[in-house]
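Shown next, in structure tokens, is the structure this report addresses.
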Amino acid sequence: MIEFHLDGGSGVAAYMQIVHQVKQALRLGMLRTGDQLPTVRDVVSTLAINPNTVLKAYRELEMEGLVAGRQGQGTFVLKSLAGPALAGHAELRAELVEWLERAWRAGMDDESIAALLATTLRGQITARAKSEEGAA
Amino acid sequence: METIDLGKRYRRSWALQNCSLEIPAGRIAALIGPNGAGKTTLLNLAVGLLSPTEGAVRVFGSAPSDNPEALGRIGFVAQDRPLYRSFTVSEMLRFGATLNPRWDDAMARSRLDRLNIPLGQKVHKLSGGQQSQIALVLALAKRPELIVLDEPVAALDPLARREFLQTLLDATVETGMTVLLSSHLVGELERVCDYLVLLNAARVQFAGDLETFAEGHRLLVGPRAQTEELARVSHVVHATHTDRQTSLLVKLNGHGYDPQWDVRDPGFEEIVLAYMGQRVEEVETTR
Amino acid sequence: MTWLTWRLHRTEAAIGIPIFAALIVIMFLATQSVNSAYDAASNLGCFDNGDSILCSERLSDYYDRSSRWGNLTTLLHGIPLAVAALLVIPTLQELERGTHRLAWTQSISRRRWTLIRVGFLIGISTLVAAVWAVTTSDWRSSILQVDEQSFARDAFELSPAVLVGYGLFAVALGLAAAVVTRRLIPTLALLAVGFTGTRILTTFVLRERYRNPVEETIPAADDTGQFTAFEDRWILDESWLTKSGERLSWERVNQLCTPGADEQNFEAFYQKCLVDNDLQYYRAFHPTDRFGQFQLIETALYLGLAAGLFALSYWWLTRRSA
């Protein structure tokens, strides 16, 4: 059974964070097909958030075809997202190494690089989430 | 719960005026406003502790004053969480049992047990957080359909606050009851509530879904503007100026904005503060 | 609400009941002590003819005990005050701390809560007054044994009817003070001052005016021994008057009728002097048959005040702005 954590200062809506965490768990194999997601009541009890937030997140996942709710029993995983091993993204990996070399040559230190990566990633996630919301 | 043009006057001043709103069933509603805005007055009117000077308040269709039938379906946790300090916890439960026709003693005991609150201890010997939990359990054990809470977590440390909300929300999921709680801790409310009532200066500034509230406003930032330019922008909730810059918090109205304005999404807390007339801080957002 | 009412008044009951029991014992001892002295004296016929040494011993023993115990029992007139304070304090605490609002948001209406509380106070205070009346009835009889003065303070004020009246008034006053001021010291102060003041007013000013006194003026010549005979009546005013109705002070009368040094029969001389001077004896009094009436009037007065104060408390609590 996985646990959710909410980051109040991240600027990402609570239900989106839950959706991301479920997807992340699916990707990493922590959740497999047939596993039950935590019940709404459990999530609410632990995180002290509005039940509708949890319901919204689970509905979103259901619409993406990742989970399915069974009446009276809970919500269960349909599809796992464990894609090919991370090592398989060879091309992306090479591009990333090249980029890192350029960053070091430009004089950036390790921490600045990590910060830049984090903020850009977060920003892009939010932007993508917004356009997803807009489309929905 | 609904109010129809509700007003309450104390001697010369109006604590609440022209208040008309409806809290839909099953929602978790937050009542926000600065101190003295009329929150406690509104809540006391809702549970029948006060009578309206004008207008009416109805809960489940009837006025709650002196109405034991309606009161049996409403739970109330007052701001100073009054409890009989010299009673033991189990005596408090007995108090609830004798005064309420619908009383779930087993549920009360099991909740208190889960919270590790000893039944034989006198109330005044318990911590503030534990006393709040007892007041909450007392209200929950009568199986209300509506629970009203006046600043229930204001005086609690963050851990106690979290535990209190956990108990409250857990009960909400269990029974589907409607919640109306007031708080001036705006940040916490965003994740707990889905309906918002904003009071300021004895009047309702906003009443509706939280989503509508959060998404229905924009922050316009631009060079220091003159009054005529400002007049062309409609639905300004709050304006602040520095010598170089003007920030306007506006309500979405479907119109486009002058290109001179940089349009941003304000955070929930900023919108609330703007309605309450505070300075809108410039915040770097990543939205 | 029965359990709740009991639980709230538990501490005060634990304090009050033992003290009350102690007072009952004291009263019992007082009555025993005085009665036995009385019996000792009257068995020897001392009250009729107390010339012997033994009699004067026993009589003075009796009078000593009477006055000592009497002084003590005067303090007991404050009992309604103490009872009222004890009864009202739990309600005051509720109002102070706001727990009454907690009760009002359970499934009980304000009216019902107020009625039950007021009813409880009325019931207990009447019960205490009744018990106290029974306890002091023997004492009352022993006072009346010798003095035979129904209107004497102790005798009048220990009768059951007025005791109930005082008790209810005290509780009603205490409750009203608690409801209005919501603080301990002002409540107790209002209770003490209000109760004492009213009691003093009724005892020393109002009681004799409940009805107009009977006035009689009897010429000395018509005296058949009634001037010196003792009667159970409440004498408000008495003096000698001249034939034309002018008042004479006692000194004046003594001056007028000073017997010579060799006078044998003082009584006869005195009588002849009064008749010779055409003096008349004036008395204003309430005859003993008015006792019942006066009890009724005073009780009604106190019950009326109590009712008014209870009504005030009820209205204040249920008017829904508090």
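Just so we're on the same page: first chain in the structure tokens is A, next is B, and so on; residues restart at 1 for each chain, and ligands are numbered from 1 in the order they show up.
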Within 10 Å of chain A, which residues of chain B show up when using only C-alpha atoms, listed as an MDAnalysis selection string? chainID B and resid 27:28 161:174 176 187:194 267 285:287
Can those selected residues be exported to a file as an mmCIF file, in the first residue's frame so that it contains C-alpha atoms?
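Output file again.cif follows:
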```cif
data_model
loop_
_atom_site.group_PDB
_atom_site.id
_atom_site.type_symbol
_atom_site.label_atom_id
_atom_site.label_comp_id
_atom_site.auth_asym_id
_atom_site.auth_seq_id
_atom_site.Cartn_x
_atom_site.Cartn_y
_atom_site.Cartn_z
ATOM 1 C CA ARG B 27 -19.807 20.273 1.406
ATOM 2 C CA ILE B 28 -16.935 21.249 3.589
ATOM 3 C CA ARG B 161 -4.241 20.892 14.365
ATOM 4 C CA ARG B 162 -3.482 18.086 11.956
ATOM 5 C CA GLU B 163 -4.943 15.485 14.283
ATOM 6 C CA PHE B 164 -8.095 17.511 14.791
ATOM 7 C CA LEU B 165 -8.664 17.885 11.068
ATOM 8 C CA GLN B 166 -7.972 14.210 10.543
ATOM 9 C CA THR B 167 -10.709 13.291 12.999
ATOM 10 C CA LEU B 168 -13.098 15.762 11.454
ATOM 11 C CA LEU B 169 -12.487 14.732 7.854
ATOM 12 C CA ASP B 170 -12.561 11.058 8.656
ATOM 13 C CA ALA B 171 -16.003 11.542 10.143
ATOM 14 C CA THR B 172 -17.029 13.477 7.035
ATOM 15 C CA VAL B 173 -16.139 10.582 4.780
ATOM 16 C CA GLU B 174 -17.919 8.180 7.089
ATOM 17 C CA GLY B 176 -21.277 12.489 4.395
ATOM 18 C CA GLY B 187 -3.441 28.456 4.147
ATOM 19 C CA GLU B 188 -4.768 25.268 5.715
ATOM 20 C CA LEU B 189 -8.267 25.741 4.426
ATOM 21 C CA GLU B 190 -7.423 25.377 0.793
ATOM 22 C CA ARG B 191 -6.824 21.692 1.035
ATOM 23 C CA VAL B 192 -9.615 20.955 3.464
ATOM 24 C CA CYS B 193 -12.564 22.859 2.077
ATOM 25 C CA ASP B 194 -14.425 22.873 -1.188
ATOM 26 C CA GLY B 267 -2.424 32.181 -5.139
ATOM 27 C CA THR B 285 4.681 32.121 -9.016
ATOM 28 C CA THR B 286 5.520 29.235 -11.251
ATOM 29 C CA ARG B 287 2.051 28.743 -12.584
#
```
Please, which residues in region 5-109 of chain C fall within 12 Å of region 143-158 of chain B when counting only C-alpha atoms, and what is the closest atom pair and distance in Å to one decimal for each, ordered by chain then residue number, as CSV?
```
residue,atom,partner,partner_atom,distance
C:Thr105,CA,B:Val148,CA,10.7
C:Gln106,CA,B:Pro144,CA,10.6
C:Ser107,CA,B:Pro144,CA,10.8
```
Produce a table with one row for each residue of region 177-291 of chain C that has an atom at most 12 Å from any atom of region 152-171 of chain C, each row naming the nearest atom pair and its distance in Å at one decimal; use only C-alpha atoms; arrange rows by chain and rising residue number; format as a Markdown table.
```
| residue | atom | partner | partner_atom | distance |
| --- | --- | --- | --- | --- |
| C:Ala177 | CA | C:Val171 | CA | 9.8 |
| C:Ala178 | CA | C:Val171 | CA | 10.4 |
| C:Thr187 | CA | C:Val171 | CA | 11.4 |
| C:Leu188 | CA | C:Ala170 | CA | 10.9 |
| C:Leu190 | CA | C:Ala170 | CA | 10.4 |
| C:Leu191 | CA | C:Ala170 | CA | 7.1 |
| C:Ala192 | CA | C:Ala170 | CA | 8.8 |
| C:Val193 | CA | C:Ala170 | CA | 10.7 |
| C:Gly194 | CA | C:Ala170 | CA | 8.5 |
| C:Phe195 | CA | C:Ala170 | CA | 6.2 |
| C:Thr196 | CA | C:Ala170 | CA | 9.5 |
| C:Gly197 | CA | C:Ala170 | CA | 11.5 |
| C:Thr198 | CA | C:Phe169 | CA | 9.8 |
| C:Arg199 | CA | C:Tyr166 | CA | 8.4 |
| C:Ile200 | CA | C:Arg153 | CA | 11.5 |
| C:Thr202 | CA | C:Glu157 | CA | 10.9 |
| C:Thr203 | CA | C:Arg153 | CA | 8.0 |
| C:Phe204 | CA | C:Arg153 | CA | 10.0 |
| C:Arg207 | CA | C:Phe156 | CA | 10.5 |
| C:Glu208 | CA | C:Ala152 | CA | 11.8 |
| C:Asp232 | CA | C:Ala152 | CA | 9.9 |
| C:Arg233 | CA | C:Ala152 | CA | 9.6 |
| C:Trp234 | CA | C:Ala152 | CA | 8.0 |
| C:Ile235 | CA | C:Ala152 | CA | 10.6 |
| C:Thr288 | CA | C:Ala152 | CA | 11.3 |
| C:Arg290 | CA | C:Phe156 | CA | 11.8 |
| C:Phe291 | CA | C:Phe156 | CA | 8.3 |
```
Output for the residues just chosen: N, CA and C atoms as a PDB file, in the first residue's frame:
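File produced: part_34.pdb:
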```pdb
ATOM      1  N   ALA C 177     -28.931  37.683  40.391  1.00  0.00           N
ATOM      2  CA  ALA C 177     -27.625  38.346  40.422  1.00  0.00           C
ATOM      3  C   ALA C 177     -26.622  37.595  39.550  1.00  0.00           C
ATOM      4  N   ALA C 178     -26.657  36.256  39.629  1.00  0.00           N
ATOM      5  CA  ALA C 178     -25.731  35.451  38.832  1.00  0.00           C
ATOM      6  C   ALA C 178     -26.000  35.634  37.346  1.00  0.00           C
ATOM      7  N   THR C 187     -22.136  38.807  42.464  1.00  0.00           N
ATOM      8  CA  THR C 187     -23.305  37.995  42.810  1.00  0.00           C
ATOM      9  C   THR C 187     -23.445  37.861  44.316  1.00  0.00           C
ATOM     10  N   LEU C 188     -22.362  37.459  44.967  1.00  0.00           N
ATOM     11  CA  LEU C 188     -22.439  37.267  46.414  1.00  0.00           C
ATOM     12  C   LEU C 188     -22.742  38.578  47.123  1.00  0.00           C
ATOM     13  N   LEU C 190     -24.375  41.236  45.893  1.00  0.00           N
ATOM     14  CA  LEU C 190     -25.786  41.581  45.679  1.00  0.00           C
ATOM     15  C   LEU C 190     -26.694  40.735  46.555  1.00  0.00           C
ATOM     16  N   LEU C 191     -26.359  39.452  46.639  1.00  0.00           N
ATOM     17  CA  LEU C 191     -27.173  38.536  47.432  1.00  0.00           C
ATOM     18  C   LEU C 191     -27.145  38.958  48.902  1.00  0.00           C
ATOM     19  N   ALA C 192     -25.956  39.167  49.437  1.00  0.00           N
ATOM     20  CA  ALA C 192     -25.837  39.494  50.860  1.00  0.00           C
ATOM     21  C   ALA C 192     -26.541  40.810  51.176  1.00  0.00           C
ATOM     22  N   VAL C 193     -26.229  41.824  50.397  1.00  0.00           N
ATOM     23  CA  VAL C 193     -26.805  43.138  50.675  1.00  0.00           C
ATOM     24  C   VAL C 193     -28.313  43.133  50.451  1.00  0.00           C
ATOM     25  N   GLY C 194     -28.730  42.556  49.336  1.00  0.00           N
ATOM     26  CA  GLY C 194     -30.161  42.547  49.013  1.00  0.00           C
ATOM     27  C   GLY C 194     -30.973  41.794  50.042  1.00  0.00           C
ATOM     28  N   PHE C 195     -30.483  40.623  50.416  1.00  0.00           N
ATOM     29  CA  PHE C 195     -31.238  39.810  51.361  1.00  0.00           C
ATOM     30  C   PHE C 195     -31.279  40.467  52.738  1.00  0.00           C
ATOM     31  N   THR C 196     -30.100  40.862  53.234  1.00  0.00           N
ATOM     32  CA  THR C 196     -30.042  41.473  54.560  1.00  0.00           C
ATOM     33  C   THR C 196     -30.875  42.748  54.597  1.00  0.00           C
ATOM     34  N   GLY C 197     -30.724  43.560  53.577  1.00  0.00           N
ATOM     35  CA  GLY C 197     -31.471  44.804  53.537  1.00  0.00           C
ATOM     36  C   GLY C 197     -32.974  44.586  53.579  1.00  0.00           C
ATOM     37  N   THR C 198     -33.429  43.643  52.748  1.00  0.00           N
ATOM     38  CA  THR C 198     -34.870  43.389  52.726  1.00  0.00           C
ATOM     39  C   THR C 198     -35.357  42.849  54.052  1.00  0.00           C
ATOM     40  N   ARG C 199     -34.580  41.958  54.655  1.00  0.00           N
ATOM     41  CA  ARG C 199     -35.002  41.383  55.940  1.00  0.00           C
ATOM     42  C   ARG C 199     -35.077  42.456  57.014  1.00  0.00           C
ATOM     43  N   ILE C 200     -34.083  43.314  57.037  1.00  0.00           N
ATOM     44  CA  ILE C 200     -34.096  44.398  58.026  1.00  0.00           C
ATOM     45  C   ILE C 200     -35.304  45.291  57.797  1.00  0.00           C
ATOM     46  N   THR C 202     -38.188  44.559  56.381  1.00  0.00           N
ATOM     47  CA  THR C 202     -39.464  43.964  56.772  1.00  0.00           C
ATOM     48  C   THR C 202     -39.568  43.802  58.280  1.00  0.00           C
ATOM     49  N   THR C 203     -38.484  43.401  58.935  1.00  0.00           N
ATOM     50  CA  THR C 203     -38.561  43.144  60.371  1.00  0.00           C
ATOM     51  C   THR C 203     -38.799  44.419  61.163  1.00  0.00           C
ATOM     52  N   PHE C 204     -38.068  45.472  60.831  1.00  0.00           N
ATOM     53  CA  PHE C 204     -38.118  46.647  61.686  1.00  0.00           C
ATOM     54  C   PHE C 204     -39.019  47.757  61.189  1.00  0.00           C
ATOM     55  N   ARG C 207     -43.126  45.232  59.077  1.00  0.00           N
ATOM     56  CA  ARG C 207     -43.978  44.229  59.721  1.00  0.00           C
ATOM     57  C   ARG C 207     -45.049  44.853  60.599  1.00  0.00           C
ATOM     58  N   GLU C 208     -44.679  45.889  61.356  1.00  0.00           N
ATOM     59  CA  GLU C 208     -45.695  46.452  62.247  1.00  0.00           C
ATOM     60  C   GLU C 208     -46.758  47.210  61.459  1.00  0.00           C
ATOM     61  N   ASP C 232     -50.525  37.986  75.233  1.00  0.00           N
ATOM     62  CA  ASP C 232     -49.777  37.698  74.014  1.00  0.00           C
ATOM     63  C   ASP C 232     -50.212  38.665  72.934  1.00  0.00           C
ATOM     64  N   ARG C 233     -49.609  39.812  72.925  1.00  0.00           N
ATOM     65  CA  ARG C 233     -49.947  40.751  71.877  1.00  0.00           C
ATOM     66  C   ARG C 233     -48.692  41.543  71.573  1.00  0.00           C
ATOM     67  N   TRP C 234     -48.664  42.144  70.422  1.00  0.00           N
ATOM     68  CA  TRP C 234     -47.476  42.876  69.995  1.00  0.00           C
ATOM     69  C   TRP C 234     -47.701  44.354  70.277  1.00  0.00           C
ATOM     70  N   ILE C 235     -47.039  44.807  71.281  1.00  0.00           N
ATOM     71  CA  ILE C 235     -47.259  46.187  71.693  1.00  0.00           C
ATOM     72  C   ILE C 235     -46.307  47.117  70.967  1.00  0.00           C
ATOM     73  N   THR C 288     -53.129  39.033  69.268  1.00  0.00           N
ATOM     74  CA  THR C 288     -52.507  37.774  68.886  1.00  0.00           C
ATOM     75  C   THR C 288     -53.221  37.073  67.729  1.00  0.00           C
ATOM     76  N   ARG C 290     -53.899  38.174  65.084  1.00  0.00           N
ATOM     77  CA  ARG C 290     -53.408  38.634  63.778  1.00  0.00           C
ATOM     78  C   ARG C 290     -52.143  37.897  63.346  1.00  0.00           C
ATOM     79  N   PHE C 291     -51.672  37.014  64.224  1.00  0.00           N
ATOM     80  CA  PHE C 291     -50.416  36.326  63.928  1.00  0.00           C
ATOM     81  C   PHE C 291     -50.476  35.613  62.578  1.00  0.00           C
TER      82      PHE C 291
END
```
Where does DSSP see strand (DSSP E) in region 95-262 of chain C, if you list the residues as a list of chain:residue names? C:Val214, C:Glu215, C:Glu216, C:Thr217, C:Ile218, C:Pro219, C:Arg233, C:Trp234, C:Ile235, C:Leu236, C:Asp237, C:Glu238, C:Ser239, C:Trp240, C:Leu241, C:Arg247, C:Leu248
Any idea which chain C residues end up within 12 Å of chain B if we count only C-alpha atoms, as a PyMOL selection string please? chain C and resi 1-11+90+93-114+317-322
Next, dump the selected residues to file, keeping only N, CA and C atoms, as a tab-separated table (two decimals), in the first residue's frame.
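Everything below was put into again19.tsv:
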```tsv
chain	number	residue	atom	x	y	z
C	1	MET	N	-31.79	15.23	32.23
C	1	MET	CA	-31.01	16.29	32.88
C	1	MET	C	-30.87	16.08	34.37
C	2	THR	N	-31.48	15.06	34.88
C	2	THR	CA	-31.40	14.83	36.32
C	2	THR	C	-29.97	14.58	36.74
C	3	TRP	N	-29.32	13.64	36.02
C	3	TRP	CA	-27.95	13.32	36.39
C	3	TRP	C	-27.08	14.57	36.31
C	4	LEU	N	-27.28	15.34	35.21
C	4	LEU	CA	-26.45	16.53	35.02
C	4	LEU	C	-26.61	17.52	36.15
C	5	THR	N	-27.86	17.78	36.54
C	5	THR	CA	-28.10	18.73	37.63
C	5	THR	C	-27.44	18.26	38.92
C	6	TRP	N	-27.60	17.00	39.22
C	6	TRP	CA	-26.98	16.46	40.42
C	6	TRP	C	-25.45	16.59	40.34
C	7	ARG	N	-24.88	16.21	39.21
C	7	ARG	CA	-23.44	16.21	39.06
C	7	ARG	C	-22.86	17.62	39.21
C	8	LEU	N	-23.59	18.61	38.71
C	8	LEU	CA	-23.10	19.99	38.80
C	8	LEU	C	-23.15	20.51	40.22
C	9	HIS	N	-24.10	20.01	41.00
C	9	HIS	CA	-24.24	20.53	42.36
C	9	HIS	C	-23.60	19.62	43.40
C	10	ARG	N	-22.85	18.65	42.91
C	10	ARG	CA	-22.30	17.64	43.80
C	10	ARG	C	-21.41	18.23	44.88
C	11	THR	N	-20.45	19.09	44.46
C	11	THR	CA	-19.52	19.65	45.43
C	11	THR	C	-20.23	20.47	46.48
C	90	PRO	N	-23.05	26.84	41.45
C	90	PRO	CA	-22.82	26.04	40.24
C	90	PRO	C	-23.40	26.70	38.98
C	93	GLN	N	-21.14	29.44	37.93
C	93	GLN	CA	-19.95	28.93	37.25
C	93	GLN	C	-20.26	28.57	35.81
C	94	GLU	N	-21.43	27.99	35.62
C	94	GLU	CA	-21.81	27.65	34.25
C	94	GLU	C	-21.89	28.89	33.39
C	95	LEU	N	-22.52	29.93	33.93
C	95	LEU	CA	-22.68	31.14	33.13
C	95	LEU	C	-21.34	31.82	32.90
C	96	GLU	N	-20.48	31.77	33.91
C	96	GLU	CA	-19.16	32.37	33.79
C	96	GLU	C	-18.35	31.70	32.70
C	97	ARG	N	-18.38	30.38	32.67
C	97	ARG	CA	-17.52	29.63	31.78
C	97	ARG	C	-18.15	29.33	30.44
C	98	GLY	N	-19.42	29.62	30.28
C	98	GLY	CA	-20.05	29.40	28.99
C	98	GLY	C	-20.53	27.98	28.75
C	99	THR	N	-20.50	27.13	29.75
C	99	THR	CA	-20.95	25.76	29.51
C	99	THR	C	-22.46	25.68	29.33
C	100	HIS	N	-23.17	26.74	29.74
C	100	HIS	CA	-24.61	26.71	29.49
C	100	HIS	C	-24.88	26.73	27.99
C	101	ARG	N	-23.99	27.42	27.26
C	101	ARG	CA	-24.16	27.44	25.81
C	101	ARG	C	-23.87	26.07	25.23
C	102	LEU	N	-22.96	25.36	25.86
C	102	LEU	CA	-22.70	23.98	25.42
C	102	LEU	C	-23.97	23.17	25.56
C	103	ALA	N	-24.66	23.32	26.69
C	103	ALA	CA	-25.90	22.58	26.90
C	103	ALA	C	-26.96	23.01	25.89
C	104	TRP	N	-27.01	24.30	25.59
C	104	TRP	CA	-28.04	24.79	24.69
C	104	TRP	C	-27.85	24.32	23.26
C	105	THR	N	-26.62	23.91	22.90
C	105	THR	CA	-26.47	23.40	21.53
C	105	THR	C	-26.53	21.89	21.48
C	106	GLN	N	-26.80	21.26	22.61
C	106	GLN	CA	-27.21	19.86	22.54
C	106	GLN	C	-28.69	19.91	22.17
C	107	SER	N	-29.40	18.80	22.31
C	107	SER	CA	-30.77	18.84	21.76
C	107	SER	C	-31.78	19.28	22.80
C	108	ILE	N	-31.45	20.34	23.57
C	108	ILE	CA	-32.41	20.78	24.58
C	108	ILE	C	-32.67	22.26	24.36
C	109	SER	N	-33.90	22.67	24.50
C	109	SER	CA	-34.21	24.07	24.24
C	109	SER	C	-33.85	24.90	25.47
C	110	ARG	N	-33.57	26.18	25.21
C	110	ARG	CA	-33.21	27.06	26.31
C	110	ARG	C	-34.29	27.11	27.36
C	111	ARG	N	-35.55	27.15	26.88
C	111	ARG	CA	-36.65	27.27	27.84
C	111	ARG	C	-36.65	26.10	28.80
C	112	ARG	N	-36.49	24.92	28.21
C	112	ARG	CA	-36.57	23.73	29.05
C	112	ARG	C	-35.43	23.72	30.06
C	113	TRP	N	-34.25	24.05	29.59
C	113	TRP	CA	-33.08	24.07	30.47
C	113	TRP	C	-33.31	25.03	31.63
C	114	THR	N	-33.77	26.25	31.31
C	114	THR	CA	-34.00	27.24	32.34
C	114	THR	C	-35.06	26.78	33.32
C	317	LEU	N	-32.44	34.82	30.52
C	317	LEU	CA	-31.74	33.69	29.93
C	317	LEU	C	-32.32	33.26	28.59
C	318	THR	N	-33.64	33.44	28.42
C	318	THR	CA	-34.22	32.91	27.19
C	318	THR	C	-34.36	33.96	26.10
C	319	ARG	N	-33.86	35.16	26.32
C	319	ARG	CA	-34.16	36.18	25.32
C	319	ARG	C	-33.24	36.13	24.13
C	320	ARG	N	-32.28	35.14	24.09
C	320	ARG	CA	-31.58	34.84	22.86
C	320	ARG	C	-30.69	35.95	22.29
C	321	SER	N	-30.16	36.76	23.14
C	321	SER	CA	-29.10	37.62	22.63
C	321	SER	C	-27.84	37.40	23.42
C	322	ALA	N	-27.95	36.53	24.40
C	322	ALA	CA	-26.81	36.34	25.30
C	322	ALA	C	-25.98	35.17	24.82
```
For Ala85 (chain C), work out the shell of residues within 7 Å, counting only C-alpha atoms and skipping chain neighbours fewer than 3 positions away, then give it as a PyMOL selection string. chain C and resi 81-82+88-89+174+188
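Ranking C:Ala84, C:Phe266, C:Gln149, C:Gln255 by their shortest atom-to-atom distance to Thr126 (chain C), with only C-alpha atoms included, puts C:Ala84 first.
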Near-region 197-200 of chain B list (9 Å; only C-alpha atoms; drop same-chain fewer than 4 positions) as a list in words: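 Here the answer would be Leu21, Ile23, Ala29, Ala30, Leu31, Ile32, Gly33, Pro34, Asn35, Gly36, Ala37, Gly38, Lys39, Val204, Gln205, Phe206, Ala207, Gly208, Asp209, Val272, Tyr275, Met276 and Gly277 of chain B.
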Within 7 Å of region 55-71 of chain A, counting only C-alpha atoms, which residues qualify if same-chain residues fewer than 3 places away don't, as a PyMOL selection string? chain A and resi 15-16+18-19+51-52+74-79
